[in-house]
>>> print(open('protein32.tsv').read())   # TSV, C-alpha atoms
chain	number	residue	atom	x	y	z
A	1	MET	CA	-4.50	-16.19	-10.04
A	2	THR	CA	-0.75	-16.53	-10.15
A	3	ALA	CA	1.63	-15.12	-7.59
A	4	ASP	CA	4.35	-14.86	-10.26
A	5	THR	CA	5.88	-11.40	-10.18
A	6	THR	CA	7.60	-11.62	-13.57
A	7	PRO	CA	6.12	-9.16	-16.10
A	8	GLN	CA	5.04	-10.97	-19.25
A	9	LEU	CA	2.97	-10.80	-22.41
A	10	LEU	CA	0.43	-13.46	-23.27
A	11	ILE	CA	0.07	-13.58	-27.04
A	12	SER	CA	-3.04	-15.20	-28.46
A	13	ALA	CA	-2.11	-17.70	-31.19
A	14	PRO	CA	-3.96	-20.51	-33.04
A	15	THR	CA	-1.93	-23.09	-31.09
A	16	GLY	CA	-2.65	-21.55	-27.70
A	17	ILE	CA	-1.27	-18.72	-25.60
A	18	LYS	CA	2.42	-17.88	-25.97
A	19	ARG	CA	3.99	-16.54	-22.78
A	20	LEU	CA	6.82	-14.09	-23.30
A	21	GLN	CA	8.65	-12.89	-20.19
A	22	LEU	CA	9.67	-9.23	-20.34
A	23	LEU	CA	13.16	-9.57	-18.91
A	24	ALA	CA	16.75	-8.53	-19.76
A	25	GLN	CA	15.63	-5.60	-21.95
A	26	THR	CA	14.28	-2.09	-21.51
A	27	SER	CA	12.52	-2.01	-24.88
A	28	TRP	CA	10.74	-4.53	-27.12
A	29	THR	CA	9.57	-3.73	-30.64
A	30	LEU	CA	6.47	-5.60	-31.82
A	31	GLY	CA	5.79	-5.99	-35.51
A	32	ARG	CA	5.76	-8.12	-38.62
A	33	HIS	CA	9.39	-7.47	-39.58
A	34	PRO	CA	11.95	-10.16	-38.62
A	35	SER	CA	14.07	-7.52	-36.86
A	36	SER	CA	11.31	-6.98	-34.28
A	37	LEU	CA	12.19	-8.55	-30.96
A	38	ILE	CA	8.60	-9.77	-30.78
A	39	GLN	CA	7.67	-10.79	-34.32
A	40	LEU	CA	3.91	-11.12	-34.93
A	41	LEU	CA	2.97	-12.87	-38.18
A	42	ASP	CA	-0.27	-11.01	-38.81
A	43	ASN	CA	-0.89	-9.15	-42.08
A	44	SER	CA	-2.91	-6.50	-40.25
A	45	ILE	CA	0.18	-5.56	-38.22
A	46	SER	CA	2.72	-3.05	-39.50
A	47	ARG	CA	6.36	-4.00	-39.94
A	48	HIS	CA	7.23	-1.99	-36.83
A	49	HIS	CA	3.86	-1.61	-35.17
A	50	ALA	CA	4.42	-0.81	-31.48
A	51	ARG	CA	6.98	-0.84	-28.72
A	52	ILE	CA	6.97	-1.68	-25.02
A	53	GLU	CA	9.25	0.59	-22.98
A	54	VAL	CA	10.36	0.12	-19.37
A	55	LEU	CA	10.87	3.35	-17.45
A	56	GLN	CA	12.61	3.67	-14.08
A	57	GLY	CA	13.26	-0.04	-14.22
A	58	ARG	CA	9.73	-1.29	-13.54
A	59	HIS	CA	6.99	0.77	-15.21
A	60	PHE	CA	5.83	-0.61	-18.58
A	61	PHE	CA	4.45	1.61	-21.33
A	62	LEU	CA	2.98	0.72	-24.72
A	63	VAL	CA	3.82	3.08	-27.59
A	64	ASP	CA	2.20	2.89	-31.02
A	65	LEU	CA	4.76	3.58	-33.76
A	66	GLY	CA	2.40	5.23	-36.21
A	67	SER	CA	1.02	1.87	-37.32
A	68	ARG	CA	-1.43	1.58	-40.20
A	69	ASN	CA	-4.22	-0.18	-38.25
A	70	GLY	CA	-3.47	1.25	-34.83
A	71	SER	CA	-3.24	-0.19	-31.33
A	72	THR	CA	-5.71	-0.31	-28.46
A	73	VAL	CA	-5.49	-1.03	-24.74
A	74	ASN	CA	-8.78	-2.16	-23.21
A	75	GLN	CA	-10.52	-1.01	-26.42
A	76	GLN	CA	-9.12	2.53	-26.08
A	77	PRO	CA	-6.99	3.79	-29.01
A	78	VAL	CA	-3.33	4.36	-28.20
A	79	SER	CA	-2.50	7.90	-29.29
A	80	LYS	CA	0.23	8.50	-26.69
A	81	PRO	CA	2.33	6.23	-24.43
A	82	VAL	CA	0.00	4.15	-22.24
A	83	LEU	CA	1.03	2.90	-18.81
A	84	LEU	CA	0.23	-0.81	-18.57
A	85	LYS	CA	-1.26	-2.61	-15.59
A	86	HIS	CA	-1.91	-6.28	-14.96
A	87	GLY	CA	-4.77	-7.65	-16.98
A	88	ASP	CA	-4.67	-5.07	-19.77
A	89	ARG	CA	-5.95	-6.38	-23.12
A	90	ILE	CA	-3.89	-5.12	-26.03
A	91	HIS	CA	-4.89	-5.30	-29.68
A	92	LEU	CA	-2.33	-4.72	-32.43
A	93	GLY	CA	-4.21	-5.04	-35.70
A	94	GLN	CA	-6.10	-8.32	-35.32
A	95	THR	CA	-3.68	-9.80	-32.75
A	96	GLU	CA	-4.71	-9.89	-29.08
A	97	LEU	CA	-2.20	-9.75	-26.25
A	98	PHE	CA	-2.51	-9.62	-22.47
A	99	PHE	CA	-0.15	-7.93	-20.05
A	100	GLU	CA	0.54	-9.64	-16.73
A	101	GLN	CA	2.36	-8.38	-13.69
A	102	SER	CA	2.41	-8.92	-9.95
A	103	LEU	CA	-0.78	-8.68	-7.92
A	104	PHE	CA	1.00	-7.95	-4.64
A	105	TYR	CA	3.31	-5.15	-3.56
A	106	PRO	CA	5.92	-5.50	-2.20
A	107	ALA	CA	6.46	-8.77	-4.07
A	108	ASP	CA	7.17	-10.83	-0.94
A	109	VAL	CA	3.59	-10.25	0.22
A	110	ALA	CA	2.50	-12.66	-2.53
A	111	ALA	CA	3.92	-15.62	-0.62
A	112	MET	CA	1.43	-14.98	2.21
A	113	ASP	CA	-1.45	-13.70	0.04
A	114	ARG	CA	-1.85	-10.99	2.66
A	115	ALA	CA	-1.90	-7.21	2.24
A	116	ASP	CA	-2.71	-4.23	4.47
A	117	ILE	CA	-4.67	-2.57	1.67
A	118	VAL	CA	-6.76	-3.78	-1.27
A	119	MET	CA	-7.16	-1.27	-4.08
A	120	LEU	CA	-9.86	-1.51	-6.73
A	121	HIS	CA	-8.71	0.82	-9.51
A	122	GLN	CA	-9.48	1.08	-13.20
A	123	SER	CA	-7.11	3.89	-14.14
A	124	SER	CA	-3.52	2.74	-14.67
A	125	LEU	CA	-2.07	6.17	-13.92
A	126	GLN	CA	-4.18	7.06	-10.88
A	127	GLY	CA	-3.74	3.54	-9.54
A	128	LYS	CA	0.02	3.82	-10.07
A	129	ILE	CA	0.12	7.04	-8.05
A	130	TRP	CA	-1.80	5.41	-5.20
A	131	GLN	CA	0.47	2.37	-5.37
A	132	GLU	CA	3.72	4.31	-5.20
A	133	LEU	CA	2.52	6.62	-2.41
A	134	LEU	CA	1.33	3.71	-0.26
A	135	LEU	CA	4.56	1.81	-0.79
A	136	SER	CA	6.50	4.91	0.27
A	137	GLN	CA	4.80	4.56	3.65
A	138	ASN	CA	5.83	0.88	3.97
A	139	LEU	CA	2.27	-0.35	3.45
A	140	SER	CA	1.59	-3.58	1.57
A	141	LEU	CA	-1.15	-3.72	-1.02
A	142	ARG	CA	-2.97	-5.69	-3.65
A	143	TRP	CA	-4.33	-4.05	-6.81
A	144	GLU	CA	-7.59	-5.37	-8.22
A	145	THR	CA	-9.64	-4.18	-11.20
A	146	GLY	CA	-13.33	-4.19	-12.00
A	147	ALA	CA	-13.53	-7.93	-12.68
A	148	THR	CA	-13.16	-8.64	-8.95
A	149	ASN	CA	-16.23	-9.49	-6.89
A	150	LEU	CA	-15.34	-7.55	-3.76
A	151	ARG	CA	-18.04	-9.02	-1.55
A	152	HIS	CA	-17.04	-12.58	-2.44
A	153	ASP	CA	-13.36	-11.70	-1.99
A	154	ILE	CA	-13.93	-10.23	1.46
A	155	GLU	CA	-15.95	-13.22	2.65
A	156	HIS	CA	-13.19	-15.54	1.48
A	157	ARG	CA	-10.56	-13.50	3.32
A	158	VAL	CA	-12.59	-13.49	6.51
A	159	LYS	CA	-12.56	-17.30	6.43
A	160	THR	CA	-8.80	-17.38	5.85
A	161	GLN	CA	-8.11	-14.59	8.37
A	162	LYS	CA	-6.51	-12.43	5.66
A	163	LEU	CA	-8.88	-9.47	5.73
A	164	PRO	CA	-7.18	-6.17	4.80
A	165	LYS	CA	-7.49	-3.13	7.02
A	166	ILE	CA	-8.74	-0.82	4.31
A	167	LEU	CA	-10.32	-0.89	0.84
A	168	ILE	CA	-9.55	1.96	-1.57
A	169	ILE	CA	-12.23	1.82	-4.25
A	170	ASP	CA	-12.23	3.75	-7.50
A	171	VAL	CA	-15.93	4.30	-8.22
A	172	GLN	CA	-15.15	3.99	-11.95
A	173	ALA	CA	-14.03	0.39	-11.39
A	174	TYR	CA	-17.02	-0.80	-9.36
A	175	SER	CA	-19.92	-2.05	-11.47
A	176	GLY	CA	-22.57	-2.55	-8.77
A	177	SER	CA	-24.21	-0.28	-6.20
A	178	LEU	CA	-21.53	1.24	-3.99
A	179	ALA	CA	-24.14	2.39	-1.49
A	180	SER	CA	-25.37	-1.18	-1.13
A	181	PHE	CA	-21.82	-2.51	-0.79
A	182	CYS	CA	-20.91	0.08	1.86
A	183	ARG	CA	-24.05	-0.72	3.88
A	184	TRP	CA	-23.29	-4.45	3.67
A	185	SER	CA	-19.68	-3.93	4.74
A	186	GLN	CA	-20.65	-1.69	7.64
A	187	GLU	CA	-23.15	-4.28	8.86
A	188	HIS	CA	-21.00	-7.39	8.50
A	189	HIS	CA	-17.43	-6.05	8.74
A	190	PRO	CA	-17.51	-2.75	10.69
A	191	ASP	CA	-13.73	-2.85	11.28
A	192	LEU	CA	-13.00	-2.81	7.55
A	193	ALA	CA	-12.36	0.79	6.49
A	194	ILE	CA	-13.55	1.93	3.05
A	195	LEU	CA	-12.16	4.95	1.20
A	196	LEU	CA	-13.87	5.94	-2.06
A	197	PHE	CA	-12.09	7.65	-4.92
A	198	ASP	CA	-13.06	8.90	-8.39
A	199	SER	CA	-10.18	8.62	-10.86
A	200	THR	CA	-11.95	10.89	-13.38
A	201	GLN	CA	-12.99	13.83	-11.19
A	202	ARG	CA	-10.86	16.69	-9.87
A	203	GLN	CA	-13.50	17.66	-7.34
A	204	ILE	CA	-16.21	15.79	-5.41
A	205	ALA	CA	-19.39	17.62	-4.40
A	206	LEU	CA	-19.88	18.01	-0.66
A	207	GLU	CA	-23.30	16.37	-0.87
A	208	GLU	CA	-21.80	13.25	-2.46
A	209	ARG	CA	-19.12	13.05	0.21
A	210	GLN	CA	-21.70	13.39	2.96
A	211	GLN	CA	-23.87	10.67	1.44
A	212	MET	CA	-21.02	8.16	1.38
A	213	THR	CA	-19.64	9.00	4.81
A	214	ALA	CA	-23.17	8.53	6.19
A	215	LEU	CA	-22.95	4.94	4.91
A	216	GLY	CA	-19.77	4.34	6.91
A	217	CYS	CA	-17.06	5.24	4.37
A	218	ILE	CA	-14.06	7.24	5.55
A	219	ASP	CA	-14.44	9.77	2.74
A	220	PHE	CA	-14.98	10.22	-1.00
A	221	LEU	CA	-11.89	11.71	-2.69
A	222	PRO	CA	-11.13	13.22	-6.10
A	223	ALA	CA	-8.33	12.17	-8.45
A	224	PHE	CA	-4.72	13.18	-7.96
A	225	ARG	CA	-3.83	16.21	-10.06
A	226	GLU	CA	-1.19	14.85	-12.38
A	227	PRO	CA	1.22	15.56	-13.96
A	228	ASN	CA	2.22	18.33	-11.53
A	229	LEU	CA	1.77	16.35	-8.34
A	230	LEU	CA	4.13	18.49	-6.27
A	231	ASP	CA	1.90	21.51	-6.89
A	232	ASN	CA	-0.83	19.83	-4.85
A	233	VAL	CA	1.12	18.31	-1.97
A	234	ALA	CA	-1.57	19.38	0.51
A	235	GLY	CA	-4.18	17.29	-1.33
A	236	VAL	CA	-1.87	14.28	-1.44
A	237	VAL	CA	-1.25	14.57	2.31
A	238	VAL	CA	-5.02	14.61	2.89
A	239	HIS	CA	-5.36	11.38	0.87
A	240	LEU	CA	-2.66	9.59	2.84
A	241	ASN	CA	-3.76	10.89	6.23
A	242	LEU	CA	-7.19	9.39	5.60
A	243	VAL	CA	-5.55	6.04	4.85
A	244	SER	CA	-3.45	6.23	8.01
A	245	ARG	CA	-6.62	6.35	10.11
A	246	ALA	CA	-7.04	2.65	9.48
A	247	PHE	CA	-3.64	1.95	11.05
A	248	ARG	CA	-2.72	2.58	14.65
A	249	ASP	CA	0.57	4.24	15.53
A	250	THR	CA	1.17	5.26	11.91
A	251	THR	CA	2.96	8.54	11.20
A	252	LEU	CA	3.12	9.97	7.72
A	253	ARG	CA	6.69	9.80	6.39
A	254	GLN	CA	6.80	13.13	4.59
A	255	ASP	CA	10.40	12.75	3.40
A	256	LYS	CA	9.48	9.55	1.55
A	257	LEU	CA	6.30	11.18	0.30
A	258	PHE	CA	8.12	14.09	-1.37
A	259	LEU	CA	10.73	11.82	-2.93
A	260	THR	CA	7.98	9.59	-4.35
A	261	LEU	CA	6.04	12.52	-5.78
A	262	LYS	CA	9.19	13.83	-7.44
A	263	LYS	CA	9.93	10.43	-8.95
A	264	LEU	CA	6.36	10.11	-10.22
A	265	GLU	CA	6.62	13.51	-11.91
A	266	GLU	CA	9.89	12.40	-13.51
A	267	LEU	CA	8.18	9.20	-14.71
A	268	LEU	CA	5.38	11.16	-16.37
A	269	GLN	CA	7.90	13.48	-18.02
A	270	LEU	CA	9.90	10.52	-19.33
A	271	ALA	CA	6.71	8.94	-20.70
A	272	SER	CA	5.71	12.14	-22.49
A	273	ASN	CA	9.12	12.23	-24.19
A	274	LEU	CA	9.00	8.66	-25.53
A	275	PRO	CA	9.51	8.69	-29.32
A	276	VAL	CA	6.51	7.45	-31.29
A	277	ALA	CA	7.98	7.50	-34.82
A	278	ALA	CA	8.70	4.08	-36.26
A	279	SER	CA	12.35	3.11	-36.55
A	280	VAL	CA	14.03	-0.12	-37.54
A	281	PRO	CA	15.30	-1.70	-34.31
A	282	VAL	CA	18.99	-2.49	-34.06
A	283	PRO	CA	19.53	-6.25	-33.59
A	284	GLN	CA	20.25	-7.06	-29.94
A	285	PRO	CA	22.84	-9.55	-28.74
A	286	VAL	CA	20.40	-10.72	-26.09
A	287	ALA	CA	18.24	-13.58	-27.36
A	288	VAL	CA	14.47	-13.22	-27.35
A	289	PRO	CA	13.15	-14.95	-24.20
A	290	HIS	CA	11.80	-18.47	-24.68
A	291	GLN	CA	8.13	-18.57	-25.69
A	292	GLU	CA	6.24	-21.34	-23.95
A	293	VAL	CA	2.97	-22.52	-25.47
A	294	VAL	CA	0.31	-23.18	-22.88
A	295	THR	CA	-3.40	-23.93	-22.90
A	296	PRO	CA	-5.48	-20.77	-23.30
A	297	PRO	CA	-6.74	-19.61	-19.89
A	298	THR	CA	-10.45	-19.17	-19.27
A	299	LEU	CA	-11.50	-17.71	-15.94
A	300	GLU	CA	-8.00	-16.57	-15.11
A	301	MET	CA	-7.80	-14.55	-18.29
A	302	GLN	CA	-10.96	-12.70	-17.33
A	303	ASP	CA	-9.81	-11.98	-13.79
A	304	MET	CA	-6.33	-10.67	-14.38
A	305	THR	CA	-6.17	-7.95	-11.75
A	306	MET	CA	-2.74	-7.09	-10.50
A	307	ILE	CA	-0.28	-4.33	-9.92
A	308	THR	CA	3.21	-3.24	-10.66
A	309	ARG	CA	6.41	-4.57	-9.10
A	310	HIS	CA	8.13	-2.65	-6.28
A	311	SER	CA	11.91	-2.54	-6.33
A	312	LYS	CA	13.63	-1.77	-3.07
>>> encode(input="protein32.tsv", output="structure tokens")
Amino acid sequence: MTADTTPQLLISAPTGIKRLQLLAQTSWTLGRHPSSLIQLLDNSISRHHARIEVLQGRHFFLVDLGSRNGSTVNQQPVSKPVLLKHGDRIHLGQTELFFEQSLFYPADVAAMDRADIVMLHQSSLQGKIWQELLLSQNLSLRWETGATNLRHDIEHRVKTQKLPKILIIDVQAYSGSLASFCRWSQEHHPDLAILLFDSTQRQIALEERQQMTALGCIDFLPAFREPNLLDNVAGVVVHLNLVSRAFRDTTLRQDKLFLTLKKLEELLQLASNLPVAASVPVPQPVAVPHQEVVTPPTLEMQDMTMITRHSK
């Protein structure tokens, strides 16, 4: 895995993988037409097929521009702007692309490969909310997705003395038996706190919560209620207070919390207002970033599990 924090697209091509850094722009049109900033010579792609938009300076969204053959992210059709996370597989027509971003937040944590929190999240939006709220409390984190073998990762970090203080696990992203994993963790690493979360459920049954806490987990939480996050501040505070239990002498910074929730609501509103109708892009004076051809990745391509950049 790379510690590079530069957002980029990896475009699958017959000659290898073309790396395109997403810098110096706030919007990139992808399509077959020469005026597209990212021209894709594929007959199954529309002239102006899709667009990548950057909102609030660091959140990347994919928008389909009413293309003939459509777009997908992780095999899910794109019918509205989709928030991208590291490791997302994008298909435009028959062309495959990968989105890469930083694994660590804040970015300087990457140099040490050390984070207070490891998140295992499948949902881009719910993971983004967790990420921004934790960063508002000056906590460092690493965002993994379902391709990560958590047990193997923890054992490795024990050997390197880089064990996080807490795991926040989206049950939708974990492919094995969570009960078995929690029992194993409690037996071998009792100081490692585990907080479970379901990114698809607005409510968790009391019986389910009791079952998981009996196995040593802190709690089992429902999803954040977006887009109106400020309407459920009490629930957000509960989420963060549970995280703070893993840290001594940690006080919830409510001023930062409210500001972050407001900014997240603004982000979701901006995303909902992104235009989806195709339009011919105006030529930009900024040159398209250099495309470097590299050998197609193997294992790394299957374990692309990162998170979004934090700007101070």
>>> closest_residue(input="protein32.tsv", among="A:Thr95, A:Ser27, A:Gln269, A:Thr72", to="A:Pro227", atoms="all atoms listed in the file")
A:Gln269
>>> axis_aligned_box(input="protein32.tsv", around="stretch 198-217 of chain A", padding_each_side="4 Å", output="lines of an AutoDock Vina configuration file")
center_x = -17.0
center_y = 11.2
center_z = -3.2
size_x = 21.7
size_y = 21.7
size_z = 28.3
>>> atom_distance(input="protein32.tsv", atom1="atom CA of A:Ile45", atom2="atom CA of A:Leu84")
20.2 Å
>>> closest_residue(input="protein32.tsv", among="A:Ala173, A:Glu226, A:Thr160, A:Arg253", to="A:Glu266", atoms="only C-alpha atoms")
A:Glu226
>>> atom_distance(input="protein32.tsv", atom1="atom CA of A:Ile218", atom2="atom CA of A:Ile194")
5.9 Å
>>> residues_around(input="protein32.tsv", residues="A:Leu264", least_positions_apart="6", cutoff="12 Å", atoms="only C-alpha atoms", output="MDAnalysis selection string")
chainID A and resid 55:56 59 125:126 128:133 136 224:230 257:258 270:271
>>> residues_near_point(input="protein32.tsv", point="(-16.8, 10.7, -8.0)", cutoff="10 Å", atoms="only C-alpha atoms", output="list in words")
Asp170, Val171, Gln172, Leu196, Phe197, Asp198, Ser199, Thr200, Gln201, Arg202, Gln203, Ile204, Ala205, Glu208, Arg209, Phe220, Leu221, Pro222 and Ala223 of chain A
>>> atom_distance(input="protein32.tsv", atom1="atom CA of A:Val78", atom2="atom CA of A:Leu103")
24.2 Å
>>> residues_around(input="protein32.tsv", residues="A:Gln94", least_positions_apart="6", cutoff="9 Å", atoms="only C-alpha atoms", output="mmCIF file with C-alpha atoms, keeping the file's coordinate frame")
data_model
loop_
_atom_site.group_PDB
_atom_site.id
_atom_site.type_symbol
_atom_site.label_atom_id
_atom_site.label_comp_id
_atom_site.auth_asym_id
_atom_site.auth_seq_id
_atom_site.Cartn_x
_atom_site.Cartn_y
_atom_site.Cartn_z
ATOM 1 C CA ASP A 42 -0.270 -11.010 -38.810
ATOM 2 C CA ASN A 43 -0.890 -9.150 -42.080
ATOM 3 C CA SER A 44 -2.910 -6.500 -40.250
ATOM 4 C CA ILE A 45 0.180 -5.560 -38.220
ATOM 5 C CA ASN A 69 -4.220 -0.180 -38.250
#
>>> closest_residue(input="protein32.tsv", among="A:His33, A:Lys256, A:Lys18, A:Lys159", to="A:Glu96", atoms="only C-alpha atoms")
A:Lys18
>>> closest_residue(input="protein32.tsv", among="A:Asn232, A:Ser67, A:Thr6, A:Ser180", to="A:His86", atoms="all atoms listed in the file")
A:Thr6
>>> residues_around(input="protein32.tsv", residues="A:Asn273", least_positions_apart="4", cutoff="12 Å", atoms="all atoms listed in the file", output="ChimeraX atom specification")
/A:53,55,61,63,80-81,266-269,277
>>> residues_around(input="protein32.tsv", residues="A:Leu9", least_positions_apart="4", cutoff="9 Å", atoms="all atoms listed in the file", output="JSON list (two decimals) with C-alpha atoms, in the coordinates of the input")
[["chain", "number", "residue", "atom", "x", "y", "z"],
["A", 18, "LYS", "CA", 2.42, -17.88, -25.97],
["A", 19, "ARG", "CA", 3.99, -16.54, -22.78],
["A", 20, "LEU", "CA", 6.82, -14.09, -23.30],
["A", 21, "GLN", "CA", 8.65, -12.89, -20.19],
["A", 22, "LEU", "CA", 9.67, -9.23, -20.34],
["A", 97, "LEU", "CA", -2.20, -9.75, -26.25],
["A", 98, "PHE", "CA", -2.51, -9.62, -22.47],
["A", 99, "PHE", "CA", -0.15, -7.93, -20.05],
["A", 100, "GLU", "CA", 0.54, -9.64, -16.73]]
>>> decode(input="protein32.tsv", residues="stretch 31-46 of chain A", atoms="N, CA, C and O atoms", output="PDB file, in the first residue's frame")
ATOM      1  N   GLY A  31     -14.597  11.444 -21.186  1.00  0.00           N
ATOM      2  CA  GLY A  31     -15.395  11.073 -22.341  1.00  0.00           C
ATOM      3  C   GLY A  31     -14.544  10.842 -23.572  1.00  0.00           C
ATOM      4  O   GLY A  31     -13.318  10.934 -23.540  1.00  0.00           O
ATOM      5  N   ARG A  32     -15.219  10.550 -24.654  1.00  0.00           N
ATOM      6  CA  ARG A  32     -14.537  10.220 -25.906  1.00  0.00           C
ATOM      7  C   ARG A  32     -14.124  11.475 -26.686  1.00  0.00           C
ATOM      8  O   ARG A  32     -13.224  11.445 -27.496  1.00  0.00           O
ATOM      9  N   HIS A  33     -14.789  12.584 -26.423  1.00  0.00           N
ATOM     10  CA  HIS A  33     -14.546  13.819 -27.184  1.00  0.00           C
ATOM     11  C   HIS A  33     -13.183  14.419 -26.822  1.00  0.00           C
ATOM     12  O   HIS A  33     -12.782  14.389 -25.653  1.00  0.00           O
ATOM     13  N   PRO A  34     -12.461  14.961 -27.812  1.00  0.00           N
ATOM     14  CA  PRO A  34     -11.136  15.546 -27.540  1.00  0.00           C
ATOM     15  C   PRO A  34     -11.163  16.686 -26.532  1.00  0.00           C
ATOM     16  O   PRO A  34     -10.141  16.986 -25.903  1.00  0.00           O
ATOM     17  N   SER A  35     -12.319  17.344 -26.355  1.00  0.00           N
ATOM     18  CA  SER A  35     -12.391  18.450 -25.404  1.00  0.00           C
ATOM     19  C   SER A  35     -12.458  17.972 -23.952  1.00  0.00           C
ATOM     20  O   SER A  35     -12.330  18.771 -23.028  1.00  0.00           O
ATOM     21  N   SER A  36     -12.673  16.675 -23.736  1.00  0.00           N
ATOM     22  CA  SER A  36     -12.693  16.140 -22.373  1.00  0.00           C
ATOM     23  C   SER A  36     -11.289  16.219 -21.768  1.00  0.00           C
ATOM     24  O   SER A  36     -10.311  15.849 -22.420  1.00  0.00           O
ATOM     25  N   LEU A  37     -11.213  16.670 -20.542  1.00  0.00           N
ATOM     26  CA  LEU A  37      -9.907  16.752 -19.894  1.00  0.00           C
ATOM     27  C   LEU A  37      -9.286  15.371 -19.750  1.00  0.00           C
ATOM     28  O   LEU A  37      -8.071  15.217 -19.786  1.00  0.00           O
ATOM     29  N   ILE A  38     -10.124  14.361 -19.562  1.00  0.00           N
ATOM     30  CA  ILE A  38      -9.645  12.982 -19.528  1.00  0.00           C
ATOM     31  C   ILE A  38     -10.318  12.260 -20.696  1.00  0.00           C
ATOM     32  O   ILE A  38     -11.468  11.833 -20.605  1.00  0.00           O
ATOM     33  N   GLN A  39      -9.596  12.168 -21.820  1.00  0.00           N
ATOM     34  CA  GLN A  39     -10.167  11.557 -23.020  1.00  0.00           C
ATOM     35  C   GLN A  39      -9.959  10.047 -22.956  1.00  0.00           C
ATOM     36  O   GLN A  39      -8.847   9.559 -22.731  1.00  0.00           O
ATOM     37  N   LEU A  40     -11.050   9.291 -23.138  1.00  0.00           N
ATOM     38  CA  LEU A  40     -11.018   7.838 -23.091  1.00  0.00           C
ATOM     39  C   LEU A  40     -11.448   7.305 -24.460  1.00  0.00           C
ATOM     40  O   LEU A  40     -12.607   7.469 -24.856  1.00  0.00           O
ATOM     41  N   LEU A  41     -10.521   6.688 -25.164  1.00  0.00           N
ATOM     42  CA  LEU A  41     -10.787   6.214 -26.528  1.00  0.00           C
ATOM     43  C   LEU A  41     -11.431   4.836 -26.482  1.00  0.00           C
ATOM     44  O   LEU A  41     -10.804   3.811 -26.703  1.00  0.00           O
ATOM     45  N   ASP A  42     -12.716   4.847 -26.172  1.00  0.00           N
ATOM     46  CA  ASP A  42     -13.499   3.621 -26.024  1.00  0.00           C
ATOM     47  C   ASP A  42     -14.850   3.898 -26.660  1.00  0.00           C
ATOM     48  O   ASP A  42     -15.567   4.829 -26.251  1.00  0.00           O
ATOM     49  N   ASN A  43     -15.212   3.102 -27.689  1.00  0.00           N
ATOM     50  CA  ASN A  43     -16.455   3.348 -28.416  1.00  0.00           C
ATOM     51  C   ASN A  43     -17.705   3.164 -27.564  1.00  0.00           C
ATOM     52  O   ASN A  43     -18.793   3.630 -27.939  1.00  0.00           O
ATOM     53  N   SER A  44     -17.578   2.484 -26.424  1.00  0.00           N
ATOM     54  CA  SER A  44     -18.734   2.303 -25.549  1.00  0.00           C
ATOM     55  C   SER A  44     -18.952   3.508 -24.629  1.00  0.00           C
ATOM     56  O   SER A  44     -19.924   3.557 -23.885  1.00  0.00           O
ATOM     57  N   ILE A  45     -18.040   4.468 -24.683  1.00  0.00           N
ATOM     58  CA  ILE A  45     -18.120   5.661 -23.849  1.00  0.00           C
ATOM     59  C   ILE A  45     -18.715   6.810 -24.649  1.00  0.00           C
ATOM     60  O   ILE A  45     -18.382   7.009 -25.818  1.00  0.00           O
ATOM     61  N   SER A  46     -19.581   7.570 -24.016  1.00  0.00           N
ATOM     62  CA  SER A  46     -20.189   8.729 -24.672  1.00  0.00           C
ATOM     63  C   SER A  46     -19.160   9.846 -24.844  1.00  0.00           C
ATOM     64  O   SER A  46     -18.112   9.851 -24.203  1.00  0.00           O
TER      65      SER A  46
END
